[in-house]
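> Sharing a structure below in structure tokens format, with a few things to ask.
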Amino acid sequence: MKVAVLRETTPNETRVGLVPDGVKFLKKKEIDVVVEKDAGLAAGFPNSLYEDQGATIAQDAAAAVAGADIVLKVQPVTVEEVGILAKGQVLMSSLQPTLNLEVVKTLRDAGVTTMAMELMPRITRAQSMDILSSQATVAGYKAVLLGANAIGKFLPMLTTAAGTVRPAKTLTLGAGVAGLQVLATFRRLGAVMEAFDVRPAVKEQCESLGAKFLELDVGDMEDEGGYAKELSEDQHEREMEMLAEAVKDTDIVITTAQLPGRTAPSLITKAMVEGMAPGSAIVDLAAETGGNCELTEAGETVEHNGVKILGPVNLAATMPFHASMIFSKNL
């Protein structure tokens with residue numbers, strides 16, 4: 001069997017689908033690996049590291065996939081990239097099929113079997129293959145660093161000769177994989193934490209990480225896939241009232257709430273932002289799907305009434321070394 005690893009062509013994508021340790025693992029199973037030249041360079045894995053583990057370096061994508069059984073990537077292929085794939089090959093990557101219908105049709109017509117890794121079911125047996133969870137871990141960690149950098153305050157309480165500095169107060173909205181990693185990172189940095197999720201079942205997880213859980217009586221709001229259900233209009237109104245109070249004296253708000261295949265729910269209004277103290281910050285991890293904050297602009301930092309609203313995109317690609325390591329494990 002032969003596995004091909006392609007270099008990413010999406011702008012600002014620095015990850016790679018297979019790291020050198022992955023090559024070592026596959027070689028032990030007598031699987032040949034061909035890596036497109038410089039595929040791992042941006043992630044900190046030069047060609048020599050792949051060669052040291054037994055991989056062959058191909059000069060371009062077409063040469064890499066020639067004769068391959070399985071092709072590995074991070075981002076979805078383009079219609080043009082499908083042209084180098086052959087009938088019967090298996091492509092493993094993210095796909096986002098509802099957003100890339102033309103690509104899906106082209107793959108179908110080319111006879112390429114495609115595994116959309118982001119659609120891995122949320123079951124115990126599939127956890128080791130879940131790219132959404134692995135990359136959300138990276139995003140949650142980096143979001144805290146961005147938030148800490150955006151405010152002019154220490155996160156932990158410090159006792160100094162010049163007096164005591166109070167710890168920063170933080171609020172995390174959404175307690176999925178990204179949200180729980182946010183809490184774990186805030187805890188390491190010594191911040192005071194509050195957290196909210198419409199799923200009461202995650203209360204214990206938040207509290208185990210040291211956060212105060214904000215409760216809203218809306219019943220069981222978790223679907224069969226483990227994701228949060230959409231609230232009714234009345235439930236959403238009560239949620240917004242509670243959040244308006246919660247954000248007033250918060251230094252960093254990190255929002256992670258998303259609905260699979262849909263626009264992200266709006267949680268932080270313009271009026272709420274105006275009620276926050278100047279110098280505070282919001283890091284919106286749902287920026288790519290519309291944002292949880294009304295003022296979020298994907299890929300931009302907006303300042304309103306002294307409050308910074310960060311809308312980072314593809315955060316995992318800003319930490320490509322470890323993001324690639326765990327993505328490689330998933331594949």
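Ligands are numbered from 1 in the order shown, chains are lettered A, B, ... in the order of the structure tokens, and residues start at 1 in each chain.
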Write down as a list of chain:residue names the residues belonging to stretch 142-232 of chain A that are assigned strand (DSSP E) by DSSP computed on the backbone.

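Output for stretch 142-232 of chain A, strand (DSSP E) only: A:Leu158, A:Thr159, A:Thr160, A:Gly163, A:Thr164, A:Val165, A:Lys169, A:Thr170, A:Leu171, A:Thr172, A:Leu173, A:Val192, A:Met193, A:Glu194, A:Ala195, A:Phe196, A:Lys212, A:Phe213, A:Leu214.
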
> Show which residues sit within 12 Å of A:Lys37, as a list in words. Count only C-alpha atoms, and ignore same-chain residues fewer than 2 positions away.

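Here the qualifying residues turn out to be Ala4, Val5, Leu6, Arg7, Glu8, Val16, Val34, Val35, Ala39, Gly40, Leu41, Ala42, Phe45, Pro46, Asn47, Ser48, Leu49, Tyr50, Glu51, Ala55, Thr56, Ile57, Ala58, Gln59, Asp60, Ala61, Ala62, Ala63 and Ala64 of chain A.
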
> The selected residues should be written to file as a PDB file, in the first residue's frame (atoms: N, CA and C atoms).


ATOM      1  N   ALA A   4       0.094   8.938   0.126  1.00  0.00           N
ATOM      2  CA  ALA A   4       0.663  10.201  -0.340  1.00  0.00           C
ATOM      3  C   ALA A   4       0.243  11.329   0.588  1.00  0.00           C
ATOM      4  N   VAL A   5       1.161  12.258   0.850  1.00  0.00           N
ATOM      5  CA  VAL A   5       0.887  13.417   1.704  1.00  0.00           C
ATOM      6  C   VAL A   5       1.083  14.674   0.863  1.00  0.00           C
ATOM      7  N   LEU A   6       0.039  15.500   0.755  1.00  0.00           N
ATOM      8  CA  LEU A   6       0.106  16.688  -0.083  1.00  0.00           C
ATOM      9  C   LEU A   6       0.408  17.949   0.723  1.00  0.00           C
ATOM     10  N   ARG A   7       1.073  18.874   0.078  1.00  0.00           N
ATOM     11  CA  ARG A   7       1.335  20.187   0.676  1.00  0.00           C
ATOM     12  C   ARG A   7       0.059  21.019   0.590  1.00  0.00           C
ATOM     13  N   GLU A   8      -0.231  21.772   1.633  1.00  0.00           N
ATOM     14  CA  GLU A   8      -1.446  22.588   1.661  1.00  0.00           C
ATOM     15  C   GLU A   8      -1.283  23.826   0.777  1.00  0.00           C
ATOM     16  N   VAL A  16       0.158  20.132   8.307  1.00  0.00           N
ATOM     17  CA  VAL A  16       0.413  19.064   7.353  1.00  0.00           C
ATOM     18  C   VAL A  16      -0.345  17.823   7.819  1.00  0.00           C
ATOM     19  N   VAL A  34       4.846   8.650   0.429  1.00  0.00           N
ATOM     20  CA  VAL A  34       5.445   9.659  -0.445  1.00  0.00           C
ATOM     21  C   VAL A  34       4.933  11.021   0.002  1.00  0.00           C
ATOM     22  N   VAL A  35       5.831  11.952   0.246  1.00  0.00           N
ATOM     23  CA  VAL A  35       5.463  13.276   0.751  1.00  0.00           C
ATOM     24  C   VAL A  35       5.827  14.323  -0.303  1.00  0.00           C
ATOM     25  N   ALA A  39       5.993  19.792   2.188  1.00  0.00           N
ATOM     26  CA  ALA A  39       4.636  19.698   2.737  1.00  0.00           C
ATOM     27  C   ALA A  39       4.600  20.026   4.228  1.00  0.00           C
ATOM     28  N   GLY A  40       5.653  19.651   4.952  1.00  0.00           N
ATOM     29  CA  GLY A  40       5.653  19.872   6.393  1.00  0.00           C
ATOM     30  C   GLY A  40       6.518  21.025   6.853  1.00  0.00           C
ATOM     31  N   LEU A  41       7.099  21.751   5.901  1.00  0.00           N
ATOM     32  CA  LEU A  41       8.073  22.782   6.255  1.00  0.00           C
ATOM     33  C   LEU A  41       7.485  23.870   7.145  1.00  0.00           C
ATOM     34  N   ALA A  42       6.296  24.359   6.815  1.00  0.00           N
ATOM     35  CA  ALA A  42       5.682  25.453   7.585  1.00  0.00           C
ATOM     36  C   ALA A  42       5.298  25.020   8.996  1.00  0.00           C
ATOM     37  N   PHE A  45       8.527  20.686  10.066  1.00  0.00           N
ATOM     38  CA  PHE A  45       8.983  19.357   9.684  1.00  0.00           C
ATOM     39  C   PHE A  45       9.604  19.412   8.283  1.00  0.00           C
ATOM     40  N   PRO A  46      10.917  19.633   8.178  1.00  0.00           N
ATOM     41  CA  PRO A  46      11.564  19.700   6.866  1.00  0.00           C
ATOM     42  C   PRO A  46      11.601  18.335   6.184  1.00  0.00           C
ATOM     43  N   ASN A  47      11.898  18.347   4.891  1.00  0.00           N
ATOM     44  CA  ASN A  47      11.919  17.114   4.099  1.00  0.00           C
ATOM     45  C   ASN A  47      12.839  16.063   4.707  1.00  0.00           C
ATOM     46  N   SER A  48      13.967  16.498   5.261  1.00  0.00           N
ATOM     47  CA  SER A  48      14.946  15.548   5.793  1.00  0.00           C
ATOM     48  C   SER A  48      14.376  14.684   6.907  1.00  0.00           C
ATOM     49  N   LEU A  49      13.472  15.254   7.724  1.00  0.00           N
ATOM     50  CA  LEU A  49      12.881  14.467   8.811  1.00  0.00           C
ATOM     51  C   LEU A  49      12.003  13.353   8.260  1.00  0.00           C
ATOM     52  N   TYR A  50      11.296  13.627   7.177  1.00  0.00           N
ATOM     53  CA  TYR A  50      10.481  12.584   6.542  1.00  0.00           C
ATOM     54  C   TYR A  50      11.370  11.505   5.938  1.00  0.00           C
ATOM     55  N   GLU A  51      12.434  11.932   5.282  1.00  0.00           N
ATOM     56  CA  GLU A  51      13.346  10.966   4.667  1.00  0.00           C
ATOM     57  C   GLU A  51      14.009  10.093   5.722  1.00  0.00           C
ATOM     58  N   ALA A  55      10.376   7.992   4.292  1.00  0.00           N
ATOM     59  CA  ALA A  55       9.466   8.507   3.263  1.00  0.00           C
ATOM     60  C   ALA A  55      10.253   8.918   2.022  1.00  0.00           C
ATOM     61  N   THR A  56       9.579   8.914   0.893  1.00  0.00           N
ATOM     62  CA  THR A  56      10.132   9.415  -0.358  1.00  0.00           C
ATOM     63  C   THR A  56       9.595  10.816  -0.595  1.00  0.00           C
ATOM     64  N   ILE A  57      10.432  11.744  -1.030  1.00  0.00           N
ATOM     65  CA  ILE A  57      10.002  13.111  -1.306  1.00  0.00           C
ATOM     66  C   ILE A  57       9.718  13.260  -2.805  1.00  0.00           C
ATOM     67  N   ALA A  58       8.495  13.702  -3.125  1.00  0.00           N
ATOM     68  CA  ALA A  58       8.106  13.941  -4.516  1.00  0.00           C
ATOM     69  C   ALA A  58       8.216  15.431  -4.815  1.00  0.00           C
ATOM     70  N   GLN A  59       8.572  15.770  -6.031  1.00  0.00           N
ATOM     71  CA  GLN A  59       8.810  17.170  -6.386  1.00  0.00           C
ATOM     72  C   GLN A  59       7.535  17.991  -6.494  1.00  0.00           C
ATOM     73  N   ASP A  60       6.412  17.339  -6.777  1.00  0.00           N
ATOM     74  CA  ASP A  60       5.144  18.078  -6.866  1.00  0.00           C
ATOM     75  C   ASP A  60       3.989  17.160  -6.472  1.00  0.00           C
ATOM     76  N   ALA A  61       2.785  17.738  -6.440  1.00  0.00           N
ATOM     77  CA  ALA A  61       1.617  16.988  -5.990  1.00  0.00           C
ATOM     78  C   ALA A  61       1.288  15.820  -6.918  1.00  0.00           C
ATOM     79  N   ALA A  62       1.381  16.043  -8.224  1.00  0.00           N
ATOM     80  CA  ALA A  62       1.061  14.990  -9.186  1.00  0.00           C
ATOM     81  C   ALA A  62       1.978  13.786  -9.010  1.00  0.00           C
ATOM     82  N   ALA A  63       3.260  14.058  -8.784  1.00  0.00           N
ATOM     83  CA  ALA A  63       4.210  12.967  -8.583  1.00  0.00           C
ATOM     84  C   ALA A  63       3.944  12.241  -7.264  1.00  0.00           C
ATOM     85  N   ALA A  64       3.492  12.993  -6.255  1.00  0.00           N
ATOM     86  CA  ALA A  64       3.224  12.386  -4.944  1.00  0.00           C
ATOM     87  C   ALA A  64       2.060  11.407  -4.997  1.00  0.00           C
TER      88      ALA A  64
END

> List the neighbours of stretch 287-290 of chain A out to 7 Å using only C-alpha atoms; skip same-chain residues closer than 4 positions along the sequence, and give me the result as a PyMOL selection string.

chain A and resi 263-264+296-298+311-313

> Please measure the separation of atom CA of A:Leu155 and atom CA of A:Val302, giving the value in Å to one decimal.

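That distance, rounded to one decimal, is 22.0 Å.
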
> Write out as a PyMOL selection string which residues come within 8 Å of A:Lys308 when counting only C-alpha atoms, dropping same-chain ones fewer than 6 positions away.

chain A and resi 150+279-282+301-302

> Any chance you can output those residues with N, CA and C atoms as a CSV table (one decimal), in the first residue's frame?


chain,number,residue,atom,x,y,z
A,150,ALA,N,-4.5,40.7,24.8
A,150,ALA,CA,-5.3,41.8,24.4
A,150,ALA,C,-5.7,42.8,25.6
A,279,GLY,N,-10.9,48.3,28.0
A,279,GLY,CA,-9.7,47.5,28.2
A,279,GLY,C,-10.0,46.0,28.3
A,280,SER,N,-11.2,45.6,28.3
A,280,SER,CA,-11.6,44.2,28.3
A,280,SER,C,-11.6,43.7,26.9
A,281,ALA,N,-11.7,42.4,26.7
A,281,ALA,CA,-11.6,41.8,25.4
A,281,ALA,C,-12.6,40.6,25.2
A,282,ILE,N,-13.0,40.4,24.0
A,282,ILE,CA,-13.8,39.2,23.6
A,282,ILE,C,-13.0,38.5,22.5
A,301,THR,N,-9.6,42.4,14.2
A,301,THR,CA,-9.8,42.8,15.6
A,301,THR,C,-10.5,44.2,15.6
A,302,VAL,N,-11.7,44.2,16.2
A,302,VAL,CA,-12.5,45.4,16.2
A,302,VAL,C,-12.5,46.0,17.6
